[in-house]
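Text of run-v3.cif, listed as mmCIF, C-alpha atoms:
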```
data_run
loop_
_atom_site.group_PDB
_atom_site.id
_atom_site.type_symbol
_atom_site.label_atom_id
_atom_site.label_comp_id
_atom_site.auth_asym_id
_atom_site.auth_seq_id
_atom_site.Cartn_x
_atom_site.Cartn_y
_atom_site.Cartn_z
ATOM 1 C CA GLY A 1 -7.513 180.646 -121.904
ATOM 2 C CA ASP A 2 -8.629 180.717 -125.507
ATOM 3 C CA SER A 3 -11.920 182.424 -126.184
ATOM 4 C CA VAL A 4 -14.112 183.806 -128.950
ATOM 5 C CA THR A 5 -16.351 186.848 -128.644
ATOM 6 C CA GLN A 6 -19.216 187.426 -131.054
ATOM 7 C CA MET A 7 -21.620 190.295 -131.346
ATOM 8 C CA GLU A 8 -24.888 189.827 -129.530
ATOM 9 C CA GLY A 9 -27.949 188.952 -131.524
ATOM 10 C CA PRO A 10 -30.496 188.663 -132.754
ATOM 11 C CA VAL A 11 -29.649 190.576 -135.906
ATOM 12 C CA THR A 12 -32.664 191.397 -138.056
ATOM 13 C CA LEU A 13 -32.133 192.533 -141.647
ATOM 14 C CA SER A 14 -34.227 193.089 -144.728
ATOM 15 C CA GLU A 15 -33.567 190.900 -147.740
ATOM 16 C CA GLU A 16 -30.654 192.179 -149.890
ATOM 17 C CA ALA A 17 -29.140 194.111 -146.974
ATOM 18 C CA PHE A 18 -25.423 193.954 -146.156
ATOM 19 C CA LEU A 19 -24.441 191.675 -143.295
ATOM 20 C CA THR A 20 -21.575 191.953 -140.844
ATOM 21 C CA ILE A 21 -21.235 189.721 -137.809
ATOM 22 C CA ASN A 22 -18.257 190.653 -135.667
ATOM 23 C CA CYS A 23 -15.952 188.031 -134.189
ATOM 24 C CA THR A 24 -12.792 188.571 -132.168
ATOM 25 C CA TYR A 25 -10.649 186.001 -130.450
ATOM 26 C CA THR A 26 -8.069 185.579 -127.716
ATOM 27 C CA ALA A 27 -5.571 182.778 -128.147
ATOM 28 C CA THR A 28 -1.991 181.847 -127.477
ATOM 29 C CA GLY A 29 -0.403 180.727 -130.708
ATOM 30 C CA TYR A 30 -1.955 180.739 -134.145
ATOM 31 C CA PRO A 31 -5.292 178.974 -134.337
ATOM 32 C CA SER A 32 -7.307 178.262 -137.436
ATOM 33 C CA LEU A 33 -10.595 180.156 -137.586
ATOM 34 C CA PHE A 34 -14.012 179.001 -138.727
ATOM 35 C CA TRP A 35 -17.569 180.095 -139.235
ATOM 36 C CA TYR A 36 -20.254 177.466 -138.759
ATOM 37 C CA VAL A 37 -23.970 177.921 -139.445
ATOM 38 C CA GLN A 38 -26.829 176.137 -137.694
ATOM 39 C CA TYR A 39 -30.294 176.114 -139.222
ATOM 40 C CA PRO A 40 -33.265 175.434 -136.923
ATOM 41 C CA GLY A 41 -33.424 171.823 -135.773
ATOM 42 C CA GLU A 42 -30.161 170.874 -137.474
ATOM 43 C CA GLY A 43 -26.500 170.277 -136.714
ATOM 44 C CA LEU A 44 -23.689 172.662 -137.560
ATOM 45 C CA GLN A 45 -22.476 173.156 -141.115
ATOM 46 C CA LEU A 46 -19.045 174.481 -141.937
ATOM 47 C CA LEU A 47 -19.486 177.782 -143.766
ATOM 48 C CA LEU A 48 -15.892 178.911 -144.287
ATOM 49 C CA LYS A 49 -12.441 178.770 -142.790
ATOM 50 C CA ALA A 50 -9.039 180.442 -142.693
ATOM 51 C CA THR A 51 -5.894 178.785 -141.438
ATOM 52 C CA LYS A 52 -3.390 181.649 -141.281
ATOM 53 C CA ALA A 53 -3.154 185.413 -141.056
ATOM 54 C CA ASP A 54 -4.530 187.364 -144.047
ATOM 55 C CA ASP A 55 -6.282 184.291 -145.435
ATOM 56 C CA LYS A 56 -9.781 184.994 -146.737
ATOM 57 C CA GLY A 57 -12.375 182.275 -146.461
ATOM 58 C CA SER A 58 -15.411 182.439 -148.725
ATOM 59 C CA ASN A 59 -18.462 180.334 -149.502
ATOM 60 C CA LYS A 60 -22.011 180.974 -150.768
ATOM 61 C CA GLY A 61 -21.407 184.735 -150.906
ATOM 62 C CA PHE A 62 -20.083 184.884 -147.328
ATOM 63 C CA GLU A 63 -16.533 186.075 -146.653
ATOM 64 C CA ALA A 64 -14.241 186.488 -143.656
ATOM 65 C CA THR A 65 -10.585 187.544 -143.417
ATOM 66 C CA TYR A 66 -8.210 186.345 -140.703
ATOM 67 C CA ARG A 67 -6.799 189.565 -139.201
ATOM 68 C CA LYS A 68 -3.982 188.803 -136.803
ATOM 69 C CA GLU A 69 -3.319 192.444 -135.936
ATOM 70 C CA THR A 70 -6.876 192.962 -134.704
ATOM 71 C CA THR A 71 -7.469 189.301 -133.715
ATOM 72 C CA SER A 72 -10.679 189.334 -135.720
ATOM 73 C CA PHE A 73 -12.562 187.200 -138.217
ATOM 74 C CA HIS A 74 -15.688 189.171 -139.104
ATOM 75 C CA LEU A 75 -18.303 187.515 -141.299
ATOM 76 C CA GLU A 76 -19.727 189.548 -144.220
ATOM 77 C CA LYS A 77 -22.217 189.057 -147.011
ATOM 78 C CA GLY A 78 -23.159 191.657 -149.545
ATOM 79 C CA SER A 79 -26.816 190.733 -149.995
ATOM 80 C CA VAL A 80 -28.620 188.436 -147.563
ATOM 81 C CA GLN A 81 -31.586 186.238 -148.395
ATOM 82 C CA VAL A 82 -34.407 184.912 -146.241
ATOM 83 C CA SER A 83 -32.783 181.481 -146.518
ATOM 84 C CA ASP A 84 -29.719 182.828 -144.658
ATOM 85 C CA SER A 85 -31.757 183.038 -141.442
ATOM 86 C CA ALA A 86 -29.881 180.853 -138.964
ATOM 87 C CA VAL A 87 -27.464 180.972 -136.032
ATOM 88 C CA TYR A 88 -23.845 181.698 -136.939
ATOM 89 C CA PHE A 89 -20.962 180.508 -134.753
ATOM 90 C CA CYS A 90 -17.407 181.775 -134.940
ATOM 91 C CA ALA A 91 -14.832 179.258 -133.725
ATOM 92 C CA LEU A 92 -11.111 178.832 -133.309
ATOM 93 C CA ARG A 93 -9.373 175.515 -133.580
ATOM 94 C CA PHE A 94 -6.268 174.109 -131.993
ATOM 95 C CA ILE A 95 -4.717 170.755 -132.701
ATOM 96 C CA LEU A 96 -4.647 168.350 -129.762
ATOM 97 C CA THR A 97 -1.383 166.583 -128.998
ATOM 98 C CA GLY A 98 -3.296 163.393 -128.258
ATOM 99 C CA GLY A 99 -5.018 163.440 -131.645
ATOM 100 C CA GLY A 100 -7.950 165.284 -133.131
ATOM 101 C CA ASN A 101 -8.558 168.969 -132.647
ATOM 102 C CA LYS A 102 -10.565 171.226 -130.374
ATOM 103 C CA LEU A 103 -13.043 173.883 -131.439
ATOM 104 C CA THR A 104 -13.775 176.799 -129.117
ATOM 105 C CA PHE A 105 -17.021 178.493 -130.128
ATOM 106 C CA GLY A 106 -18.376 181.971 -129.654
ATOM 107 C CA THR A 107 -21.854 182.358 -128.187
ATOM 108 C CA GLY A 108 -23.510 182.406 -131.604
ATOM 109 C CA THR A 109 -25.367 185.189 -133.401
ATOM 110 C CA GLN A 110 -28.914 184.639 -134.583
ATOM 111 C CA LEU A 111 -29.669 186.198 -137.951
ATOM 112 C CA LYS A 112 -33.220 186.798 -139.105
ATOM 113 C CA VAL A 113 -33.796 188.047 -142.640
ATOM 114 C CA GLU A 114 -37.205 189.446 -143.520
ATOM 115 C CA LEU A 115 -38.814 190.182 -146.880
ATOM 116 C CA ASP B 1 -20.792 158.935 -148.487
ATOM 117 C CA THR B 2 -20.005 162.432 -147.216
ATOM 118 C CA GLU B 3 -22.028 162.777 -144.077
ATOM 119 C CA VAL B 4 -22.178 162.010 -140.401
ATOM 120 C CA THR B 5 -25.342 160.201 -139.340
ATOM 121 C CA GLN B 6 -26.801 160.031 -135.855
ATOM 122 C CA THR B 7 -29.529 157.845 -134.402
ATOM 123 C CA PRO B 8 -32.013 158.225 -132.934
ATOM 124 C CA LYS B 9 -33.149 161.685 -133.967
ATOM 125 C CA HIS B 10 -35.152 162.098 -130.768
ATOM 126 C CA LEU B 11 -34.937 160.227 -127.452
ATOM 127 C CA VAL B 12 -37.014 160.528 -124.310
ATOM 128 C CA MET B 13 -35.789 158.644 -121.257
ATOM 129 C CA GLY B 14 -36.424 158.410 -117.559
ATOM 130 C CA MET B 15 -33.737 158.974 -114.974
ATOM 131 C CA THR B 16 -33.368 155.248 -114.316
ATOM 132 C CA ASN B 17 -33.132 154.196 -117.957
ATOM 133 C CA LYS B 18 -30.081 153.096 -119.906
ATOM 134 C CA LYS B 19 -29.907 154.177 -123.507
ATOM 135 C CA SER B 20 -27.300 154.715 -126.209
ATOM 136 C CA LEU B 21 -26.719 157.274 -128.926
ATOM 137 C CA LYS B 22 -25.070 156.195 -132.140
ATOM 138 C CA CYS B 23 -22.926 158.112 -134.607
ATOM 139 C CA GLU B 24 -21.556 156.793 -137.884
ATOM 140 C CA GLN B 25 -19.366 158.119 -140.683
ATOM 141 C CA HIS B 26 -17.928 156.416 -143.745
ATOM 142 C CA MET B 27 -15.568 159.159 -144.869
ATOM 143 C CA GLY B 28 -12.449 157.476 -143.503
ATOM 144 C CA HIS B 29 -12.154 160.087 -140.757
ATOM 145 C CA ARG B 30 -9.926 159.064 -137.861
ATOM 146 C CA ALA B 31 -11.070 161.537 -135.225
ATOM 147 C CA MET B 32 -14.581 161.638 -133.784
ATOM 148 C CA TYR B 33 -16.197 163.935 -131.250
ATOM 149 C CA TRP B 34 -19.208 164.228 -128.943
ATOM 150 C CA TYR B 35 -20.677 167.626 -128.112
ATOM 151 C CA LYS B 36 -23.567 168.732 -125.918
ATOM 152 C CA GLN B 37 -25.600 171.767 -126.947
ATOM 153 C CA LYS B 38 -28.182 173.446 -124.731
ATOM 154 C CA ALA B 39 -30.789 175.735 -126.240
ATOM 155 C CA LYS B 40 -29.410 179.062 -127.492
ATOM 156 C CA LYS B 41 -25.871 178.082 -126.486
ATOM 157 C CA PRO B 42 -22.817 176.962 -128.461
ATOM 158 C CA PRO B 43 -21.807 173.305 -128.516
ATOM 159 C CA GLU B 44 -19.630 172.140 -125.622
ATOM 160 C CA LEU B 45 -17.019 169.497 -126.277
ATOM 161 C CA MET B 46 -17.446 166.301 -124.251
ATOM 162 C CA PHE B 47 -15.123 163.666 -125.737
ATOM 163 C CA VAL B 48 -12.557 163.291 -128.509
ATOM 164 C CA TYR B 49 -11.508 159.971 -130.029
ATOM 165 C CA SER B 50 -8.477 159.673 -132.270
ATOM 166 C CA TYR B 51 -7.719 156.396 -134.019
ATOM 167 C CA GLU B 52 -10.347 154.735 -131.821
ATOM 168 C CA LYS B 53 -8.638 155.810 -128.600
ATOM 169 C CA LEU B 54 -10.055 158.327 -126.152
ATOM 170 C CA SER B 55 -7.985 161.483 -126.523
ATOM 171 C CA ILE B 56 -9.950 164.005 -124.482
ATOM 172 C CA ASN B 57 -12.576 163.758 -121.741
ATOM 173 C CA GLU B 58 -13.689 167.250 -120.789
ATOM 174 C CA SER B 59 -14.492 166.286 -117.197
ATOM 175 C CA VAL B 60 -17.784 164.744 -118.232
ATOM 176 C CA PRO B 61 -19.795 162.973 -115.498
ATOM 177 C CA SER B 62 -19.495 159.193 -115.510
ATOM 178 C CA ARG B 63 -23.174 158.784 -116.332
ATOM 179 C CA PHE B 64 -22.019 159.493 -119.904
ATOM 180 C CA SER B 65 -19.841 156.689 -121.251
ATOM 181 C CA PRO B 66 -18.360 156.923 -124.741
ATOM 182 C CA GLU B 67 -17.294 153.988 -126.867
ATOM 183 C CA CYS B 68 -15.567 153.758 -130.232
ATOM 184 C CA PRO B 69 -15.892 150.128 -131.433
ATOM 185 C CA ASN B 70 -14.310 150.868 -134.826
ATOM 186 C CA SER B 71 -13.125 153.762 -136.934
ATOM 187 C CA SER B 72 -16.578 154.439 -138.374
ATOM 188 C CA LEU B 73 -18.712 154.204 -135.281
ATOM 189 C CA LEU B 74 -19.009 156.205 -132.072
ATOM 190 C CA ASN B 75 -21.482 155.484 -129.298
ATOM 191 C CA LEU B 76 -22.507 157.415 -126.215
ATOM 192 C CA HIS B 77 -23.980 155.259 -123.470
ATOM 193 C CA LEU B 78 -26.327 157.005 -121.063
ATOM 194 C CA HIS B 79 -27.243 155.862 -117.568
ATOM 195 C CA ALA B 80 -28.941 157.542 -114.618
ATOM 196 C CA LEU B 81 -29.191 160.892 -116.352
ATOM 197 C CA GLN B 82 -30.635 164.019 -114.794
ATOM 198 C CA PRO B 83 -33.227 166.374 -116.297
ATOM 199 C CA GLU B 84 -30.494 168.981 -116.782
ATOM 200 C CA ASP B 85 -28.807 166.591 -119.210
ATOM 201 C CA SER B 86 -31.631 167.271 -121.681
ATOM 202 C CA ALA B 87 -29.964 168.806 -124.728
ATOM 203 C CA LEU B 88 -29.010 168.296 -128.360
ATOM 204 C CA TYR B 89 -26.118 165.833 -128.588
ATOM 205 C CA LEU B 90 -23.957 166.379 -131.633
ATOM 206 C CA CYS B 91 -21.394 164.071 -133.124
ATOM 207 C CA ALA B 92 -18.624 165.273 -135.414
ATOM 208 C CA SER B 93 -15.693 163.767 -137.271
ATOM 209 C CA SER B 94 -12.509 164.997 -138.933
ATOM 210 C CA ARG B 95 -10.034 163.334 -141.248
ATOM 211 C CA GLY B 96 -7.192 164.123 -138.922
ATOM 212 C CA GLN B 97 -5.797 166.677 -136.528
ATOM 213 C CA SER B 98 -5.439 169.413 -139.116
ATOM 214 C CA ASN B 99 -8.777 168.968 -140.813
ATOM 215 C CA GLU B 100 -12.144 170.580 -140.246
ATOM 216 C CA GLN B 101 -14.867 168.894 -138.266
ATOM 217 C CA PHE B 102 -18.081 167.766 -139.941
ATOM 218 C CA PHE B 103 -21.159 167.567 -137.763
ATOM 219 C CA GLY B 104 -24.110 165.220 -137.725
ATOM 220 C CA PRO B 105 -27.716 166.421 -137.317
ATOM 221 C CA GLY B 106 -27.783 165.590 -133.622
ATOM 222 C CA THR B 107 -29.960 163.617 -131.217
ATOM 223 C CA ARG B 108 -32.504 165.626 -129.233
ATOM 224 C CA LEU B 109 -32.487 164.077 -125.751
ATOM 225 C CA THR B 110 -35.150 164.708 -123.136
ATOM 226 C CA VAL B 111 -34.697 163.309 -119.627
ATOM 227 C CA LEU B 112 -37.877 163.131 -117.572
#
```
Just give me the structure as C-alpha coordinates.
Amino acid sequence: GDSVTQMEGPVTLSEEAFLTINCTYTATGYPSLFWYVQYPGEGLQLLLKATKADDKGSNKGFEATYRKETTSFHLEKGSVQVSDSAVYFCALRFILTGGGNKLTFGTGTQLKVEL
Amino acid sequence: DTEVTQTPKHLVMGMTNKKSLKCEQHMGHRAMYWYKQKAKKPPELMFVYSYEKLSINESVPSRFSPECPNSSLLNLHLHALQPEDSALYLCASSRGQSNEQFFGPGTRLTVL
(Lines of atoms letter the chains of each structure in order from A and count residues from 1; the text may use other names and numbers.)
(Lines give C-alpha, C1' and ligand atoms only; values in the text may rest on other atoms or scores of the structure.)
Protein backbone atom coordinates (compact mmCIF):
# COMPACT_ATOMS: atom_id res chain seq x y z
CA GLY A 1 0.00 0.00 0.00
CA ASP A 2 0.90 3.66 -0.14
CA SER A 3 3.16 4.91 2.61
CA VAL A 4 5.33 7.83 3.66
CA THR A 5 8.55 7.55 5.64
CA GLN A 6 9.98 10.53 7.50
CA MET A 7 13.16 10.89 9.46
CA GLU A 8 12.83 10.31 13.16
CA GLY A 9 12.79 13.29 15.46
CA PRO A 10 13.11 15.27 17.47
CA VAL A 11 15.44 17.50 15.50
CA THR A 12 17.07 20.23 17.57
CA LEU A 13 18.77 23.13 15.80
CA SER A 14 20.19 26.50 16.72
CA GLU A 15 18.53 29.58 15.27
CA GLU A 16 19.76 30.39 11.73
CA ALA A 17 20.87 26.80 11.12
CA PHE A 18 20.04 24.94 7.90
CA LEU A 19 17.14 22.50 8.08
CA THR A 20 16.55 19.30 6.17
CA ILE A 21 13.76 16.88 7.01
CA ASN A 22 13.84 13.78 4.84
CA CYS A 23 10.68 12.30 3.36
CA THR A 24 10.38 9.34 1.00
CA TYR A 25 7.25 7.67 -0.26
CA THR A 26 5.96 4.45 -1.76
CA ALA A 27 2.96 4.71 -4.04
CA THR A 28 1.42 3.21 -7.12
CA GLY A 29 0.71 5.96 -9.59
CA TYR A 30 1.59 9.62 -9.26
CA PRO A 31 0.39 11.21 -6.05
CA SER A 32 0.56 14.85 -5.12
CA LEU A 33 2.90 15.57 -2.21
CA PHE A 34 2.48 17.92 0.72
CA TRP A 35 4.15 19.24 3.82
CA TYR A 36 1.89 20.20 6.70
CA VAL A 37 2.99 21.87 9.94
CA GLN A 38 1.34 21.52 13.34
CA TYR A 39 2.10 23.99 16.10
CA PRO A 40 1.43 22.93 19.71
CA GLY A 41 -2.27 22.72 20.50
CA GLU A 42 -3.34 23.51 16.94
CA GLY A 43 -4.59 21.82 13.79
CA LEU A 44 -2.51 21.21 10.69
CA GLN A 45 -1.54 24.02 8.34
CA LEU A 46 -0.59 23.44 4.74
CA LEU A 47 3.02 24.53 4.31
CA LEU A 48 3.70 23.67 0.67
CA LYS A 49 2.79 21.26 -2.08
CA ALA A 50 3.91 19.76 -5.38
CA THR A 51 1.62 18.00 -7.80
CA LYS A 52 4.01 16.46 -10.32
CA ALA A 53 7.60 15.34 -10.75
CA ASP A 54 10.25 18.09 -10.59
CA ASP A 55 7.77 20.59 -9.16
CA LYS A 56 9.20 22.71 -6.35
CA GLY A 57 6.88 23.85 -3.61
CA SER A 58 7.90 26.84 -1.51
CA ASN A 59 6.43 28.96 1.27
CA LYS A 60 7.80 31.07 4.14
CA GLY A 61 11.39 30.17 3.25
CA PHE A 62 10.68 26.43 3.17
CA GLU A 63 11.20 24.45 -0.04
CA ALA A 64 10.71 20.89 -1.25
CA THR A 65 11.17 19.31 -4.69
CA TYR A 66 9.16 16.34 -5.95
CA ARG A 67 11.81 13.80 -7.02
CA LYS A 68 10.21 10.89 -8.83
CA GLU A 69 13.49 9.08 -9.44
CA THR A 70 14.28 8.91 -5.73
CA THR A 71 10.62 8.99 -4.57
CA SER A 72 11.48 11.82 -2.21
CA PHE A 73 10.15 15.18 -1.10
CA HIS A 74 12.68 16.51 1.41
CA LEU A 75 11.85 19.71 3.27
CA GLU A 76 14.58 22.40 3.50
CA LYS A 77 14.98 25.85 4.97
CA GLY A 78 18.12 27.90 4.82
CA SER A 79 17.82 29.64 8.19
CA VAL A 80 15.39 28.45 10.86
CA GLN A 81 13.84 30.62 13.54
CA VAL A 82 12.55 29.78 17.01
CA SER A 83 9.03 30.31 15.64
CA ASP A 84 9.56 27.35 13.27
CA SER A 85 9.45 24.95 16.23
CA ALA A 86 6.59 22.57 15.44
CA VAL A 87 5.81 19.09 14.12
CA TYR A 88 6.17 18.67 10.36
CA PHE A 89 4.19 16.03 8.45
CA CYS A 90 4.95 14.83 4.95
CA ALA A 91 1.91 13.49 3.11
CA LEU A 92 0.89 12.06 -0.22
CA ARG A 93 -2.53 12.52 -1.70
CA PHE A 94 -4.64 10.42 -3.99
CA ILE A 95 -7.99 11.35 -5.44
CA LEU A 96 -10.89 9.15 -4.36
CA THR A 97 -13.21 7.84 -7.05
CA GLY A 98 -16.18 8.45 -4.76
CA GLY A 99 -15.25 12.10 -4.26
CA GLY A 100 -12.76 13.96 -2.12
CA ASN A 101 -9.19 12.87 -1.67
CA LYS A 102 -7.13 10.88 0.80
CA LEU A 103 -4.00 12.03 2.58
CA THR A 104 -1.49 9.45 3.82
CA PHE A 105 0.81 11.00 6.41
CA GLY A 106 4.29 10.19 7.58
CA THR A 107 4.89 9.81 11.31
CA GLY A 108 5.81 13.47 11.74
CA THR A 109 9.12 15.08 12.69
CA GLN A 110 9.31 17.38 15.68
CA LEU A 111 11.57 20.38 15.17
CA LYS A 112 12.88 22.39 18.09
CA VAL A 113 14.83 25.56 17.38
CA GLU A 114 16.85 27.11 20.19
CA LEU A 115 18.42 30.54 20.55
CA ASP B 1 -14.22 33.51 5.40
CA THR B 2 -11.17 31.31 4.82
CA GLU B 3 -11.14 28.95 7.73
CA VAL B 4 -12.55 25.76 9.13
CA THR B 5 -14.05 26.15 12.60
CA GLN B 6 -14.66 23.40 15.13
CA THR B 7 -16.67 23.38 18.34
CA PRO B 8 -16.22 22.69 21.13
CA LYS B 9 -12.50 23.22 21.60
CA HIS B 10 -12.41 20.78 24.51
CA LEU B 11 -14.89 18.06 25.53
CA VAL B 12 -14.88 15.72 28.50
CA MET B 13 -17.46 12.94 28.49
CA GLY B 14 -18.29 9.76 30.32
CA MET B 15 -18.61 6.43 28.60
CA THR B 16 -22.41 6.54 28.74
CA ASN B 17 -22.78 10.07 27.41
CA LYS B 18 -23.92 11.19 23.98
CA LYS B 19 -22.22 14.23 22.55
CA SER B 20 -21.57 15.81 19.16
CA LEU B 21 -18.65 17.58 17.53
CA LYS B 22 -19.34 20.29 15.01
CA CYS B 23 -17.32 21.50 12.03
CA GLU B 24 -18.18 24.41 9.77
CA GLN B 25 -16.68 26.03 6.69
CA HIS B 26 -17.97 28.81 4.45
CA MET B 27 -15.43 28.52 1.66
CA GLY B 28 -17.77 26.68 -0.71
CA HIS B 29 -15.79 23.46 -0.28
CA ARG B 30 -17.64 20.33 -1.35
CA ALA B 31 -15.57 17.69 0.41
CA MET B 32 -15.24 17.40 4.18
CA TYR B 33 -13.25 15.03 6.36
CA TRP B 34 -12.97 13.75 9.93
CA TYR B 35 -9.61 12.67 11.33
CA LYS B 36 -8.53 11.27 14.69
CA GLN B 37 -5.10 12.17 16.04
CA LYS B 38 -3.51 10.53 19.07
CA ALA B 39 -0.63 12.21 20.86
CA LYS B 40 2.64 12.21 18.90
CA LYS B 41 0.99 10.42 15.97
CA PRO B 42 -0.17 11.56 12.53
CA PRO B 43 -3.85 12.12 11.84
CA GLU B 44 -5.84 9.04 10.83
CA LEU B 45 -8.66 9.44 8.35
CA MET B 46 -12.08 8.41 9.66
CA PHE B 47 -14.70 9.66 7.18
CA VAL B 48 -14.91 11.53 3.88
CA TYR B 49 -18.00 13.36 2.65
CA SER B 50 -18.30 14.57 -0.92
CA TYR B 51 -21.27 16.69 -1.96
CA GLU B 52 -22.92 15.83 1.36
CA LYS B 53 -22.72 12.09 0.73
CA LEU B 54 -20.53 9.69 2.68
CA SER B 55 -17.69 8.70 0.37
CA ILE B 56 -15.34 6.85 2.70
CA ASN B 57 -15.72 5.16 6.09
CA GLU B 58 -12.35 3.84 7.19
CA SER B 59 -13.84 0.98 9.20
CA VAL B 60 -14.67 3.29 12.07
CA PRO B 61 -16.62 1.76 15.00
CA SER B 62 -20.33 2.53 14.99
CA ARG B 63 -20.05 4.50 18.22
CA PHE B 64 -18.86 7.30 15.90
CA SER B 65 -21.64 8.51 13.62
CA PRO B 66 -20.97 11.23 11.06
CA GLU B 67 -23.58 13.53 9.58
CA CYS B 68 -23.42 16.17 6.87
CA PRO B 69 -26.68 18.19 7.05
CA ASN B 70 -25.55 20.69 4.39
CA SER B 71 -22.51 21.63 2.37
CA SER B 72 -21.09 23.87 5.09
CA LEU B 73 -21.59 21.71 8.14
CA LEU B 74 -20.20 18.38 9.32
CA ASN B 75 -21.07 16.73 12.61
CA LEU B 76 -19.63 13.75 14.45
CA HIS B 77 -22.03 12.14 16.90
CA LEU B 78 -20.44 10.24 19.77
CA HIS B 79 -22.08 7.54 21.86
CA ALA B 80 -20.76 4.95 24.30
CA LEU B 81 -17.14 5.89 23.72
CA GLN B 82 -14.19 4.19 25.35
CA PRO B 83 -11.25 5.84 27.12
CA GLU B 84 -9.01 4.88 24.20
CA ASP B 85 -11.12 7.14 21.99
CA SER B 86 -9.59 10.14 23.79
CA ALA B 87 -7.77 12.11 21.10
CA LEU B 88 -7.72 15.29 19.05
CA TYR B 89 -10.49 15.17 16.43
CA LEU B 90 -9.69 17.21 13.36
CA CYS B 91 -12.02 18.32 10.63
CA ALA B 92 -10.82 19.33 7.18
CA SER B 93 -12.36 20.49 3.92
CA SER B 94 -11.30 20.78 0.29
CA ARG B 95 -12.84 22.54 -2.68
CA GLY B 96 -12.92 19.35 -4.65
CA GLN B 97 -11.08 16.13 -5.37
CA SER B 98 -7.99 17.81 -6.76
CA ASN B 99 -7.63 20.50 -4.14
CA GLU B 100 -5.69 20.64 -0.91
CA GLN B 101 -7.31 20.02 2.43
CA PHE B 102 -7.63 22.80 4.99
CA PHE B 103 -7.79 21.77 8.62
CA GLY B 104 -9.66 23.16 11.59
CA PRO B 105 -8.05 23.61 15.03
CA GLY B 106 -9.54 20.40 16.37
CA THR B 107 -11.60 19.27 19.36
CA ARG B 108 -9.65 17.76 22.25
CA LEU B 109 -11.81 14.88 23.50
CA THR B 110 -11.31 13.13 26.81
CA VAL B 111 -13.39 10.06 27.64
CA LEU B 112 -13.49 9.17 31.33
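The set of residues that the PyMOL selection byres ((chain A) within 7 of (chain B)) takes from this file is Glu42, Gly43, Leu44, Gln45, Ile95, Gly98, Gly99, Gly100, Asn101, Phe105, Gly106, Thr107 and Gly108 of chain A.
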>> Using all atoms listed in the file, which protein or nucleic acid residues come within 8 Å of region 77-84 of chain B? Drop anything in the same chain fewer than 6 positions from it, and give the result as a list in words.
In response: Gly14, Met15, Thr16, Asn17, Lys18, Lys19, Ser20, Leu21, Arg63, Phe64, Ser65, Pro66, Glu67, Thr110, Val111 and Leu112 of chain B
> Exactly which residues make up the result of the PyMOL selection byres ((chain A and resi 59-61) around 8) on this file, given as a list in words?
Replying inline: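 After applying the PyMOL selection byres ((chain A and resi 59-61) around 8), what remains is Leu47, Leu48, Gly57, Ser58, Phe62, Glu63, Lys77 and Gly78 of chain A.
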Selection under test: the PyMOL selection byres ((chain A and resi 68) around 12); residues as a PDB file with C-alpha atoms, keeping the file's coordinate frame:
```pdb
ATOM      1  CA  THR A  24     -12.792 188.571-132.168  1.00  0.00           C
ATOM      2  CA  TYR A  25     -10.649 186.001-130.450  1.00  0.00           C
ATOM      3  CA  THR A  26      -8.069 185.579-127.716  1.00  0.00           C
ATOM      4  CA  ALA A  27      -5.571 182.778-128.147  1.00  0.00           C
ATOM      5  CA  THR A  28      -1.991 181.847-127.477  1.00  0.00           C
ATOM      6  CA  GLY A  29      -0.403 180.727-130.708  1.00  0.00           C
ATOM      7  CA  TYR A  30      -1.955 180.739-134.145  1.00  0.00           C
ATOM      8  CA  PRO A  31      -5.292 178.974-134.337  1.00  0.00           C
ATOM      9  CA  SER A  32      -7.307 178.262-137.436  1.00  0.00           C
ATOM     10  CA  LEU A  33     -10.595 180.156-137.586  1.00  0.00           C
ATOM     11  CA  ALA A  50      -9.039 180.442-142.693  1.00  0.00           C
ATOM     12  CA  THR A  51      -5.894 178.785-141.438  1.00  0.00           C
ATOM     13  CA  LYS A  52      -3.390 181.649-141.281  1.00  0.00           C
ATOM     14  CA  ALA A  53      -3.154 185.413-141.056  1.00  0.00           C
ATOM     15  CA  ASP A  54      -4.530 187.364-144.047  1.00  0.00           C
ATOM     16  CA  ASP A  55      -6.282 184.291-145.435  1.00  0.00           C
ATOM     17  CA  THR A  65     -10.585 187.544-143.417  1.00  0.00           C
ATOM     18  CA  TYR A  66      -8.210 186.345-140.703  1.00  0.00           C
ATOM     19  CA  ARG A  67      -6.799 189.565-139.201  1.00  0.00           C
ATOM     20  CA  GLU A  69      -3.319 192.444-135.936  1.00  0.00           C
ATOM     21  CA  THR A  70      -6.876 192.962-134.704  1.00  0.00           C
ATOM     22  CA  THR A  71      -7.469 189.301-133.715  1.00  0.00           C
ATOM     23  CA  SER A  72     -10.679 189.334-135.720  1.00  0.00           C
ATOM     24  CA  PHE A  73     -12.562 187.200-138.217  1.00  0.00           C
ATOM     25  CA  HIS A  74     -15.688 189.171-139.104  1.00  0.00           C
TER      26      HIS A  74
END
```
> Separation of CA of Gly1 (chain A) and CA of Gln110 (chain A), in Å?
Replying inline: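 That distance, rounded to one decimal, is 25.2 Å.
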> Any idea what the distance is between CA of Ser59 (chain B) and CA of Thr104 (chain A)?
Replying inline: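 CA of Thr104 (chain A) lies at a distance of 15.9 Å from CA of Ser59 (chain B).
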> In Å, with one decimal, what is the gap from CA of Asn75 (chain B) to CA of Leu46 (chain A)?
Replying inline: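 For CA of Asn75 (chain B) relative to CA of Leu46 (chain A), the distance reads 22.9 Å.
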>> Quick one: residues within 8 Å of Leu73 (chain B), only C-alpha atoms, excluding same-chain residues fewer than 2 positions away - as a PyMOL selection string?
In response: chain B and resi 22-25+68-71+75
Can you tell me, as a tab-separated table (two decimals) with C-alpha atoms, in the coordinates of the input, which residues sit within 6 Å of (-26.7, 178.2, -137.7) in the file's frame, using all atoms listed in the file?
```
chain	number	residue	atom	x	y	z
A	37	VAL	CA	-23.97	177.92	-139.44
A	38	GLN	CA	-26.83	176.14	-137.69
A	39	TYR	CA	-30.29	176.11	-139.22
A	86	ALA	CA	-29.88	180.85	-138.96
A	87	VAL	CA	-27.46	180.97	-136.03
A	88	TYR	CA	-23.84	181.70	-136.94
```
Around region 53-68 of chain B, with edges along x, y and z and 6 Å added on all six sides, what centre and edge lengths do you get, in Å to one decimal, as lines of an AutoDock Vina configuration file?
```
center_x = -15.6
center_y = 160.5
center_z = -122.9
size_x = 27.2
size_y = 25.5
size_z = 26.7
```
>> With all atoms listed in the file as the counted atoms, please give the residues lying no more than 9 Å from Val80 (chain A), apart from itself and same-chain residues fewer than 2 positions off, as a ChimeraX atom specification.
In response: /A:13-19,61,77-78,82-85,113
